[in-house]
>>> print(open('upload.cif').read())   # mmCIF, C-alpha atoms
data_upload
loop_
_atom_site.label_atom_id
_atom_site.label_comp_id
_atom_site.auth_asym_id
_atom_site.auth_seq_id
_atom_site.Cartn_x
_atom_site.Cartn_y
_atom_site.Cartn_z
CA MET A 24 -224.51 -80.13 80.25
CA ASN A 25 -221.20 -80.25 82.09
CA VAL A 26 -218.06 -80.39 79.99
CA THR A 27 -214.69 -81.21 81.49
CA ALA A 28 -211.47 -80.41 79.68
CA VAL A 29 -208.32 -82.32 80.62
CA LEU A 30 -204.84 -81.90 79.21
CA MET A 31 -203.37 -85.18 77.99
CA PRO A 32 -199.68 -86.08 77.88
CA SER A 33 -199.89 -87.15 74.26
CA VAL A 34 -202.35 -87.66 71.46
CA THR A 35 -202.10 -91.43 72.03
CA HIS A 36 -203.39 -91.02 75.57
CA ALA A 37 -206.05 -88.65 74.30
CA LEU A 38 -207.24 -91.14 71.69
CA ARG A 39 -207.39 -94.00 74.15
CA ALA A 40 -209.40 -91.83 76.52
CA LYS A 41 -211.70 -90.68 73.74
CA ARG A 42 -212.53 -94.23 72.71
CA ILE A 43 -213.25 -95.27 76.27
CA PHE A 44 -215.48 -92.27 76.96
CA SER A 45 -217.25 -92.64 73.63
CA GLY A 46 -217.77 -96.34 74.30
CA MET A 47 -219.44 -95.39 77.57
CA GLY A 48 -221.80 -93.01 75.82
CA TYR A 49 -220.13 -89.71 76.68
CA MET A 50 -219.36 -87.14 74.04
CA CYS A 51 -215.61 -86.73 73.90
CA GLU A 52 -213.58 -84.56 71.56
CA ILE A 53 -209.86 -84.21 71.16
CA LYS A 54 -208.74 -80.62 70.71
CA ARG A 55 -205.48 -78.79 70.47
CA ALA A 56 -204.72 -76.62 73.46
CA SER A 57 -204.83 -73.00 72.35
CA ASN A 58 -202.67 -71.57 75.12
CA VAL A 59 -199.43 -72.65 73.51
CA SER A 60 -197.31 -70.26 75.53
CA ARG A 61 -198.51 -71.95 78.69
CA ASN A 62 -199.01 -75.58 77.73
CA GLY A 63 -196.90 -76.03 74.62
CA CYS A 64 -198.35 -77.82 71.59
CA THR A 65 -200.55 -80.43 73.17
CA HIS A 66 -203.95 -82.02 73.13
CA TYR A 67 -206.81 -82.05 75.57
CA ILE A 68 -210.01 -83.99 75.77
CA ALA A 69 -213.37 -82.32 76.30
CA VAL A 70 -215.81 -84.77 77.86
CA SER A 71 -219.50 -84.21 78.36
CA THR A 72 -219.62 -84.93 82.07
CA ASN A 73 -218.35 -83.57 85.36
CA THR A 74 -214.76 -83.58 86.49
CA ALA A 75 -215.17 -86.24 89.17
CA THR A 76 -216.57 -88.72 86.67
CA VAL A 77 -213.87 -87.98 84.10
CA ILE A 78 -211.07 -88.40 86.61
CA SER A 79 -212.61 -91.56 87.99
CA ILE A 80 -212.81 -93.14 84.54
CA LEU A 81 -209.28 -92.08 83.60
CA ASN A 82 -207.92 -93.51 86.83
CA LYS A 83 -209.89 -96.71 86.51
CA ASN A 84 -208.42 -97.26 83.04
CA ARG A 85 -204.94 -96.19 84.19
CA ILE A 86 -204.72 -93.47 81.58
CA LYS A 87 -202.18 -90.76 82.29
CA TYR A 88 -203.55 -87.23 82.23
CA GLY A 89 -202.47 -83.72 83.01
CA GLU A 90 -204.06 -80.59 84.30
CA ILE A 91 -207.84 -80.14 84.48
CA LEU A 92 -208.31 -77.11 82.26
CA GLU A 93 -211.91 -76.34 83.04
CA GLU A 94 -215.32 -77.59 83.96
CA SER A 95 -218.09 -75.62 82.38
CA GLY A 96 -221.82 -75.85 82.69
CA GLY A 97 -222.41 -74.70 79.13
CA ALA A 98 -222.40 -76.54 75.85
CA GLY A 99 -218.63 -76.62 75.78
CA MET B 10 -192.73 -119.19 38.88
CA ILE B 11 -191.30 -117.95 42.16
CA VAL B 12 -192.09 -119.79 45.37
CA ASN B 13 -191.02 -118.07 48.55
CA PHE B 14 -189.86 -120.42 51.28
CA ASP B 15 -187.88 -117.68 53.02
CA ASN B 16 -190.72 -116.29 55.07
CA ALA B 17 -188.67 -116.32 58.26
CA ALA B 18 -186.77 -113.38 56.77
CA THR B 19 -189.90 -111.57 55.64
CA THR B 20 -193.28 -112.92 54.63
CA PHE B 21 -194.19 -112.61 50.99
CA PRO B 22 -196.69 -112.37 49.46
CA LYS B 23 -198.68 -110.17 51.82
CA PRO B 24 -202.44 -110.43 52.28
CA SER B 25 -204.31 -108.34 49.71
CA SER B 26 -205.80 -106.33 52.57
CA VAL B 27 -202.26 -105.21 53.51
CA THR B 28 -201.29 -104.16 49.99
CA SER B 29 -204.62 -102.36 49.54
CA ALA B 30 -204.21 -100.56 52.86
CA LEU B 31 -200.68 -99.54 51.97
CA TYR B 32 -201.76 -98.12 48.64
CA GLY B 33 -204.85 -96.53 50.19
CA ALA B 34 -202.76 -94.90 52.88
CA THR B 35 -200.59 -93.19 50.30
CA LYS B 36 -203.75 -91.66 48.84
CA ARG B 37 -205.56 -90.66 52.02
CA TYR B 38 -203.39 -90.46 55.11
CA GLY B 39 -200.94 -87.70 54.35
CA GLY B 40 -200.86 -85.95 57.71
CA ASN B 41 -198.08 -86.19 60.26
CA ALA B 42 -199.63 -88.14 63.12
CA GLY B 43 -199.80 -86.28 66.42
CA ARG B 44 -198.42 -83.07 64.97
CA GLY B 45 -200.83 -80.20 64.52
CA GLY B 46 -204.59 -80.29 64.72
CA HIS B 47 -205.89 -80.06 61.15
CA ARG B 48 -208.07 -82.78 59.68
CA LEU B 49 -205.33 -84.46 57.64
CA THR B 50 -203.30 -84.94 60.80
CA ALA B 51 -206.34 -85.95 62.82
CA ILE B 52 -207.42 -88.78 60.52
CA THR B 53 -203.85 -90.03 60.17
CA THR B 54 -203.40 -89.99 63.95
CA GLU B 55 -206.58 -92.01 64.37
CA LYS B 56 -205.36 -94.61 61.88
CA ILE B 57 -202.01 -94.95 63.65
CA PHE B 58 -203.90 -95.42 66.89
CA ASP B 59 -206.06 -98.11 65.28
CA THR B 60 -202.92 -100.14 64.60
CA ARG B 61 -201.63 -99.45 68.10
CA GLN B 62 -204.88 -100.71 69.57
CA ALA B 63 -204.87 -103.79 67.31
CA ALA B 64 -201.30 -104.67 68.28
CA ALA B 65 -202.03 -104.09 71.97
CA ASP B 66 -205.13 -106.28 71.84
CA PHE B 67 -203.25 -108.99 69.97
CA PHE B 68 -200.49 -109.20 72.57
CA GLY B 69 -202.54 -108.40 75.67
CA ALA B 70 -201.09 -104.95 76.28
CA GLN B 71 -202.14 -101.32 76.56
CA PRO B 72 -202.03 -99.20 73.39
CA GLU B 73 -199.97 -96.44 74.99
CA ASN B 74 -197.31 -99.01 75.91
CA THR B 75 -197.10 -100.17 72.31
CA VAL B 76 -194.29 -98.49 70.38
CA PHE B 77 -193.77 -98.54 66.65
CA THR B 78 -190.24 -99.08 65.43
CA MET B 79 -188.54 -99.76 62.11
CA ASN B 80 -188.06 -103.49 62.71
CA CYS B 81 -187.30 -106.04 65.40
CA THR B 82 -183.61 -105.09 65.48
CA HIS B 83 -184.63 -101.51 66.24
CA SER B 84 -186.95 -102.73 69.00
CA LEU B 85 -184.25 -104.92 70.53
CA ASN B 86 -181.72 -102.08 70.44
CA LEU B 87 -184.18 -99.76 72.16
CA ALA B 88 -184.87 -102.38 74.81
CA ILE B 89 -181.33 -103.61 75.42
CA GLN B 90 -179.57 -100.26 75.34
CA GLY B 91 -182.43 -98.56 77.16
CA ILE B 92 -182.51 -101.05 80.03
CA MET B 93 -178.72 -101.30 80.31
CA SER B 94 -178.04 -97.54 80.13
CA GLY B 95 -176.98 -97.50 83.77
CA GLY B 96 -174.66 -100.50 83.38
CA GLY B 97 -174.91 -103.92 84.94
CA HIS B 98 -174.91 -107.51 83.72
CA ILE B 99 -177.07 -109.04 81.02
CA ILE B 100 -177.60 -112.65 79.92
CA ILE B 101 -178.41 -113.78 76.41
CA SER B 102 -179.04 -117.27 75.08
CA GLY B 103 -176.60 -119.23 72.94
CA ILE B 104 -178.88 -119.05 69.91
CA GLU B 105 -179.56 -115.32 69.78
CA HIS B 106 -179.75 -113.44 66.50
CA ASN B 107 -177.19 -110.68 65.98
CA SER B 108 -180.00 -108.19 66.60
CA SER B 109 -179.66 -109.06 70.28
CA ALA B 110 -176.08 -110.29 70.46
CA ARG B 111 -174.48 -107.31 68.72
CA PRO B 112 -175.98 -104.52 70.84
CA VAL B 113 -175.03 -106.47 73.97
CA TYR B 114 -171.51 -107.02 72.67
CA ALA B 115 -171.17 -103.37 71.64
CA LEU B 116 -172.19 -102.19 75.11
CA ALA B 117 -169.67 -104.57 76.66
CA GLN B 118 -166.92 -103.37 74.31
CA LYS B 119 -167.56 -99.82 75.48
CA GLY B 120 -167.31 -100.99 79.09
CA ARG B 121 -170.96 -100.13 79.71
CA CYS B 122 -172.06 -103.63 80.75
CA THR B 123 -170.91 -107.20 81.17
CA PHE B 124 -172.66 -110.17 79.64
CA SER B 125 -172.92 -113.93 79.78
CA ILE B 126 -174.19 -116.44 77.26
CA ALA B 127 -176.47 -119.20 78.51
CA GLU B 128 -176.00 -122.43 76.59
CA VAL B 129 -179.13 -124.02 75.22
CA GLY B 130 -179.54 -127.41 76.91
CA LYS B 131 -180.96 -130.67 75.65
CA THR B 132 -184.12 -129.97 77.62
CA ASP B 133 -185.98 -126.80 78.53
CA GLU B 134 -185.25 -127.41 82.20
CA GLU B 135 -181.54 -127.59 81.51
CA THR B 136 -181.72 -124.36 79.50
CA VAL B 137 -183.54 -122.49 82.27
CA ASN B 138 -181.00 -123.78 84.82
CA ASN B 139 -178.18 -122.57 82.60
CA PHE B 140 -179.70 -119.08 82.75
CA ARG B 141 -180.29 -119.33 86.50
CA LYS B 142 -176.66 -120.24 87.18
CA LEU B 143 -175.43 -117.14 85.37
CA ILE B 144 -177.52 -114.64 87.36
CA ARG B 145 -175.40 -112.25 89.41
CA HIS B 146 -176.25 -109.62 91.99
CA ASN B 147 -176.14 -106.95 89.26
CA THR B 148 -177.93 -108.84 86.49
CA LYS B 149 -180.46 -106.46 85.02
CA ALA B 150 -181.91 -108.34 82.10
CA ILE B 151 -182.27 -111.62 80.28
CA VAL B 152 -182.65 -111.42 76.53
CA CYS B 153 -183.96 -114.53 74.85
CA THR B 154 -185.57 -115.29 71.57
CA ILE B 155 -188.95 -116.98 71.87
CA ALA B 156 -188.03 -119.13 68.89
CA GLY B 157 -184.63 -119.33 67.22
CA ASN B 158 -184.36 -118.14 63.65
CA VAL B 159 -182.02 -120.91 62.47
CA THR B 160 -183.78 -124.10 63.55
CA GLY B 161 -187.02 -122.58 64.84
CA GLN B 162 -186.46 -124.08 68.30
CA ILE B 163 -189.00 -122.75 70.78
CA MET B 164 -187.22 -121.59 73.89
CA PRO B 165 -188.71 -121.99 77.39
CA TYR B 166 -189.79 -118.37 77.41
CA LYS B 167 -192.57 -118.73 79.96
CA GLN B 168 -190.20 -120.39 82.43
CA LEU B 169 -187.63 -117.65 81.78
CA GLY B 170 -190.36 -115.09 82.45
CA LYS B 171 -191.02 -116.73 85.82
CA LEU B 172 -187.31 -116.78 86.62
CA CYS B 173 -187.04 -113.08 85.82
CA LEU B 174 -190.06 -112.28 87.97
CA GLU B 175 -188.55 -114.26 90.85
CA LYS B 176 -185.22 -112.43 90.56
CA ASP B 177 -186.68 -108.99 89.66
CA ILE B 178 -184.85 -109.02 86.33
CA CYS B 179 -186.19 -107.53 83.12
CA PHE B 180 -187.18 -110.18 80.57
CA ILE B 181 -186.71 -108.95 77.01
CA ALA B 182 -188.24 -111.40 74.54
CA ASP B 183 -187.40 -111.47 70.84
CA GLY B 184 -190.62 -112.51 69.13
CA ALA B 185 -189.46 -112.15 65.52
CA GLN B 186 -189.99 -115.82 64.63
CA ALA B 187 -192.77 -116.56 67.08
CA CYS B 188 -195.29 -113.73 66.79
CA GLY B 189 -198.04 -114.76 64.43
CA VAL B 190 -197.54 -118.51 64.82
CA LEU B 191 -197.58 -118.78 68.62
CA ASP B 192 -200.15 -117.08 70.82
CA ILE B 193 -197.74 -114.71 72.56
CA LYS B 194 -199.09 -112.55 75.37
CA MET B 195 -197.38 -110.12 77.72
CA SER B 196 -198.86 -112.18 80.55
CA ASP B 197 -196.43 -114.94 79.57
CA GLY B 198 -193.98 -113.18 81.88
CA ILE B 199 -192.61 -110.81 79.28
CA ASN B 200 -191.57 -107.33 80.38
CA ILE B 201 -190.54 -106.10 76.94
CA LEU B 202 -191.66 -107.81 73.75
CA CYS B 203 -189.76 -106.97 70.59
CA THR B 204 -190.97 -108.09 67.21
CA SER B 205 -191.08 -107.21 63.56
CA GLY B 206 -194.19 -106.18 61.69
CA HIS B 207 -193.13 -107.68 58.38
CA LYS B 208 -192.71 -111.34 59.32
CA GLY B 209 -195.44 -113.34 61.06
CA LEU B 210 -197.68 -110.29 61.34
CA TYR B 211 -197.67 -109.92 57.53
CA GLY B 212 -197.17 -106.15 57.58
CA PRO B 213 -194.93 -104.09 55.28
CA SER B 214 -191.17 -104.00 55.74
CA GLY B 215 -189.99 -101.06 57.80
CA THR B 216 -192.39 -101.86 60.61
CA GLY B 217 -191.58 -103.21 64.04
CA ILE B 218 -193.13 -103.22 67.49
CA LEU B 219 -191.88 -102.87 71.04
CA ILE B 220 -194.34 -103.49 73.86
CA SER B 221 -193.52 -102.81 77.49
CA ASP B 222 -195.38 -103.67 80.66
CA CYS B 223 -193.76 -100.51 82.08
CA LYS B 224 -192.19 -102.34 85.02
CA PHE B 225 -188.71 -101.33 83.84
CA LEU B 226 -187.87 -97.86 82.53
CA ILE B 227 -186.41 -97.83 79.03
CA ASP B 228 -184.00 -94.96 78.58
CA PRO B 229 -184.53 -93.63 75.03
CA LEU B 230 -181.78 -93.90 72.46
CA MET B 231 -183.09 -90.87 70.59
CA GLN B 232 -184.60 -87.60 71.67
CA GLY B 233 -186.55 -85.24 69.49
CA GLY B 234 -189.95 -84.19 68.28
CA THR B 235 -192.88 -86.14 69.64
CA GLY B 236 -195.72 -83.63 69.29
CA SER B 237 -196.06 -83.61 73.09
CA SER B 238 -194.55 -81.79 76.09
CA VAL B 239 -193.17 -79.38 73.54
CA PHE B 240 -192.12 -76.69 75.98
CA ASN B 241 -189.80 -78.99 77.85
CA LEU B 242 -186.32 -79.51 76.53
CA LYS B 243 -186.46 -82.67 78.58
CA HIS B 244 -187.68 -85.50 76.38
CA PRO B 245 -190.96 -87.15 77.52
CA ASP B 246 -190.41 -90.07 79.89
CA TYR B 247 -193.70 -91.83 79.14
CA LEU B 248 -194.54 -94.29 76.42
CA PRO B 249 -195.07 -94.33 73.53
CA ASP B 250 -193.63 -90.83 73.03
CA SER B 251 -190.38 -91.50 74.89
CA LEU B 252 -189.37 -94.09 72.26
CA GLU B 253 -191.07 -92.59 69.20
CA SER B 254 -189.12 -89.48 68.27
CA GLY B 255 -189.66 -88.18 64.78
CA THR B 256 -192.16 -89.04 62.09
CA PRO B 257 -193.03 -92.74 62.00
CA ASN B 258 -193.45 -95.01 59.00
CA THR B 259 -197.02 -93.80 58.82
CA TRP B 260 -198.21 -95.76 55.81
CA GLY B 261 -196.43 -98.92 56.88
CA VAL B 262 -197.93 -98.74 60.35
CA ILE B 263 -201.42 -98.16 58.95
CA ALA B 264 -201.08 -101.20 56.67
CA LEU B 265 -199.66 -103.27 59.53
CA LYS B 266 -203.09 -103.24 61.16
CA GLN B 267 -204.44 -105.25 58.25
CA GLY B 268 -201.66 -107.80 58.76
CA ILE B 269 -202.43 -108.10 62.45
CA ASP B 270 -206.15 -108.40 61.72
CA PHE B 271 -205.40 -111.07 59.10
CA VAL B 272 -203.44 -113.14 61.64
CA ALA B 273 -205.99 -112.55 64.39
CA ARG B 274 -208.83 -113.72 62.13
CA LYS B 275 -207.01 -116.87 61.06
CA THR B 276 -205.55 -117.31 64.58
CA PRO B 277 -201.89 -118.13 65.24
CA ALA B 278 -202.91 -121.70 66.11
CA LYS B 279 -204.34 -122.34 62.65
CA ILE B 280 -201.43 -120.62 60.92
CA TYR B 281 -199.03 -122.73 62.98
CA ALA B 282 -200.94 -125.91 62.11
CA HIS B 283 -200.84 -125.13 58.37
CA GLU B 284 -197.17 -124.20 58.28
CA ASN B 285 -196.15 -127.00 60.62
CA ASN B 286 -197.90 -129.47 58.33
CA LEU B 287 -195.80 -128.16 55.44
CA CYS B 288 -192.64 -128.54 57.53
CA SER B 289 -193.57 -132.11 58.46
CA ARG B 290 -194.25 -132.88 54.80
CA PHE B 291 -190.90 -131.40 53.85
CA ILE B 292 -189.06 -133.45 56.48
CA LYS B 293 -190.95 -136.62 55.58
CA GLY B 294 -190.22 -136.00 51.91
CA LEU B 295 -186.51 -136.01 52.63
CA GLU B 296 -186.64 -139.25 54.61
CA GLY B 297 -184.42 -141.89 53.04
CA THR B 298 -182.07 -139.27 51.62
CA ASP B 299 -178.84 -138.26 53.28
CA ALA B 300 -180.11 -134.73 53.96
CA ILE B 301 -179.39 -133.58 57.51
CA ILE B 302 -182.34 -132.02 59.32
CA TYR B 303 -181.38 -129.94 62.35
CA ARG B 304 -184.17 -130.92 64.71
CA ASN B 305 -184.33 -132.78 68.00
CA ARG B 306 -187.42 -134.93 68.66
CA ASP B 307 -187.51 -133.83 72.30
CA LEU B 308 -187.83 -130.13 71.49
CA SER B 309 -190.54 -127.95 69.95
CA TYR B 310 -190.19 -125.78 66.88
CA VAL B 311 -191.95 -123.00 65.05
CA PRO B 312 -192.43 -123.71 61.32
CA VAL B 313 -188.79 -123.37 60.27
CA VAL B 314 -186.56 -126.22 59.11
CA SER B 315 -182.80 -125.95 58.74
CA PHE B 316 -181.12 -128.61 56.63
CA ASN B 317 -178.00 -129.44 54.69
CA ILE B 318 -177.13 -131.81 51.88
CA PRO B 319 -173.84 -133.55 52.69
CA GLY B 320 -171.08 -132.56 50.30
CA VAL B 321 -173.00 -129.52 49.05
CA LYS B 322 -172.40 -126.10 50.56
CA PRO B 323 -175.57 -124.41 51.78
CA GLU B 324 -175.08 -121.46 49.43
CA GLN B 325 -174.79 -123.84 46.49
CA THR B 326 -177.98 -125.63 47.49
CA ALA B 327 -179.85 -122.33 47.70
CA TYR B 328 -178.38 -121.24 44.37
CA VAL B 329 -179.61 -124.37 42.60
CA LEU B 330 -183.03 -124.16 44.24
CA ASP B 331 -183.29 -120.53 43.20
CA LYS B 332 -182.60 -121.54 39.59
CA HIS B 333 -185.68 -123.75 39.88
CA GLY B 334 -187.81 -120.97 41.29
CA PHE B 335 -187.58 -121.72 45.00
CA CYS B 336 -186.36 -118.98 47.32
CA LEU B 337 -184.65 -120.39 50.41
CA ARG B 338 -182.07 -118.68 52.53
CA ALA B 339 -178.64 -120.17 53.05
CA GLY B 340 -175.77 -119.17 55.29
CA LEU B 341 -175.59 -118.13 58.91
CA HIS B 342 -178.93 -116.29 59.00
CA CYS B 343 -177.34 -113.45 61.02
CA ALA B 344 -177.06 -115.83 63.97
CA PRO B 345 -173.46 -117.03 64.34
CA LEU B 346 -174.04 -117.97 67.99
CA ALA B 347 -176.73 -120.43 66.95
CA HIS B 348 -174.45 -122.04 64.37
CA HIS B 349 -171.69 -122.32 66.93
CA SER B 350 -174.16 -124.10 69.24
CA LEU B 351 -175.34 -126.28 66.36
CA GLY B 352 -171.89 -127.05 64.98
CA THR B 353 -172.76 -125.74 61.53
CA GLU B 354 -170.01 -123.21 60.92
CA ASN B 355 -170.70 -123.28 57.16
CA GLY B 356 -174.33 -122.50 57.82
CA THR B 357 -177.51 -124.24 56.78
CA VAL B 358 -180.30 -123.92 54.25
CA ARG B 359 -183.53 -122.72 55.81
CA PHE B 360 -187.01 -123.73 54.72
CA SER B 361 -189.66 -121.41 56.17
CA PRO B 362 -193.18 -121.51 54.72
CA SER B 363 -195.97 -119.01 55.20
CA VAL B 364 -199.72 -119.26 55.27
CA PHE B 365 -199.71 -118.81 51.47
CA ASN B 366 -197.61 -121.89 50.67
CA ASN B 367 -199.14 -125.26 49.85
CA GLU B 368 -198.32 -128.96 49.80
CA LYS B 369 -197.69 -129.14 46.06
CA GLN B 370 -195.01 -126.48 46.34
CA VAL B 371 -193.35 -128.51 49.09
CA ASP B 372 -193.52 -131.71 47.02
CA ASP B 373 -191.98 -129.93 44.02
CA LEU B 374 -189.18 -128.61 46.21
CA VAL B 375 -188.50 -132.05 47.65
CA LYS B 376 -188.30 -133.55 44.14
CA ILE B 377 -185.53 -131.14 43.22
CA ILE B 378 -183.59 -131.71 46.43
CA LYS B 379 -183.83 -135.46 45.88
CA ASN B 380 -182.27 -135.14 42.42
CA LYS B 381 -178.68 -134.91 43.49
CA ASN B 382 -177.49 -134.51 39.90
CA LYS B 383 -178.82 -130.99 39.93
CA PHE B 384 -176.44 -130.03 42.71
CA SER B 385 -173.39 -131.04 40.74
CA GLU B 386 -174.10 -128.23 38.29
CA SER B 387 -171.51 -125.48 38.20
CA TYR B 388 -171.83 -122.88 40.88
#
>>> encode(input="upload.cif", output="structure tokens")
Amino acid sequence: MNVTAVLMPSVTHALRAKRIFSGMGYMCEIKRASNVSRNGCTHYIAVSTNTATVISILNKNRIKYGEILEESGGAG
Amino acid sequence: MIVNFDNAATTFPKPSSVTSALYGATKRYGGNAGRGGHRLTAITTEKIFDTRQAAADFFGAQPENTVFTMNCTHSLNLAIQGIMSGGGHIIISGIEHNSSARPVYALAQKGRCTFSIAEVGKTDEETVNNFRKLIRHNTKAIVCTIAGNVTGQIMPYKQLGKLCLEKDICFIADGAQACGVLDIKMSDGINILCTSGHKGLYGPSGTGILISDCKFLIDPLMQGGTGSSVFNLKHPDYLPDSLESGTPNTWGVIALKQGIDFVARKTPAKIYAHENNLCSRFIKGLEGTDAIIYRNRDLSYVPVVSFNIPGVKPEQTAYVLDKHGFCLRAGLHCAPLAHHSLGTENGTVRFSPSVFNNEKQVDDLVKIIKNKNKFSESY
């Protein structure tokens, strides 16, 4: 299963995204970014689908987002 | 027996769901929302977001554009000072509360903006024209209450929203007396809605809301910790973080959701109908007396009635009523501009029911007001 991780500007944006993705049937978790020295203390969402779908849904719902951290083919 | 008819200041009692949520929050939600990643923080952050979503849904906004503040005054200061940070001209109405009038005046005193006051006309059309005539090339914002806090007069806020859209001016609406009894939506032409959580939304005191449509950038009054963009010394420029520095009133905000849900379930229309019926009963009860009711048949009002008893100072009236268990506010109600417009320099007594008041309470109040002998008691 693809998992896409996207940095979010704030936890509020992350929560809004999580509820939208969850409502659409995707697994979505909010996590703290571990690379503090690079990203600062911030949150990212890990969504169980590919990057294109995640970005499309975020854009459609006009949710601000940051850097795409990774897309993995594993279990996340 | 205490009967609160001063709900325009703050509603009391609160719904039991609000008091339960407030108490429950003190037991369960002890994390600092948005800060850290442990479970206590995570569940608290989710609860804060629940309220944000509820408020956004209620007013037709996006949750991330919904900012929690301490009260409506805080919201109005954020909006007014944030929009006018680069200077310019601002217009307020002639019945604004000091929560709008004072920040505008303070900016003008510091030479950071100029302002004009639009007189409230005898008709909505006249009022809107009074605003229109005051617009200058550098007018940045119109600040207007949706409903005045002295008489409850409903201002032509939708028409003012259209005027602002036409002139590309920011419309800042003070919803303190309107939210909860009128169905206020951002789509009414409002760019920034400021309201309290503890009045018509039945939340705890210490809660307020600012909602933006993000058309106009609000320069923050405060910078600090937001739990986001931590590496940057530059404060975040996106909502809600840009206007929410520091730890919020977590428990108050969590309980506020129950207040919003309470109003949403009952609907503002039904709450208005109930409270307006009590106001009509109050006014009818005073018919045939010499009490002065400050209402105009051609205008609309939220459920607030200002009155005076000739020969009795408003403070004395309120004092006597308080001795009989009725809490009504007397004086200028923090709105000297409105009293200047109304010609009531000594103030008025304000009757403002809530969803929890009933007809018998109104009848009992009227009986006391009708007994003029009671008002000759020493004060």
>>> closest_residue(input="upload.cif", among="A:Met50, A:Lys87, A:Met24, A:Val77", to="chain B", atoms="all atoms listed in the file")
A:Lys87
>>> closest_residue(input="upload.cif", among="B:Gln168, B:Gln162, B:Ser237, B:Gln267", to="Ser254 (chain B)", atoms="all atoms listed in the file")
B:Ser237
>>> closest_residue(input="upload.cif", among="B:His342, B:His244, B:Lys23, B:Lys56", to="Gly209 (chain B)", atoms="only C-alpha atoms")
B:Lys23
>>> resolve_selection(input="upload.cif", expression="the PyMOL selection byres ((chain A) within 10 of (chain B))", output="VMD selection string")
chain A and resid 31 to 39 53 to 56 59 to 66 84 to 87
>>> resolve_selection(input="upload.cif", expression="the PyMOL selection byres ((chain B and resi 121) around 12)", output="number ranges by chain")
B: 89-99, 112-120, 122-124
>>> atom_distance(input="upload.cif", atom1="CA of Gly217 (chain B)", atom2="CA of Gly255 (chain B)")
15.2 Å
>>> closest_residue(input="upload.cif", among="A:Asn58, A:Thr72, A:Ala40, A:Tyr67", to="Glu94 (chain A)", atoms="only C-alpha atoms")
A:Thr72
>>> atom_distance(input="upload.cif", atom1="CA of Ile155 (chain B)", atom2="CA of Asn200 (chain B)")
13.1 Å
>>> closest_residue(input="upload.cif", among="B:Asn139, B:Thr75, B:Ser350, B:Asn285", to="Asp222 (chain B)", atoms="only C-alpha atoms")
B:Thr75
>>> closest_residue(input="upload.cif", among="B:Phe365, B:Phe77, B:Phe360, B:Phe335", to="Asn13 (chain B)", atoms="all atoms listed in the file")
B:Phe335
>>> axis_aligned_box(input="upload.cif", around="region 41-59 of chain A", padding_each_side="4 Å", output="JSON")
{"center_x": -210.6, "center_y": -84.0, "center_z": 74.0, "size_x": 30.4, "size_y": 32.8, "size_z": 15.1}
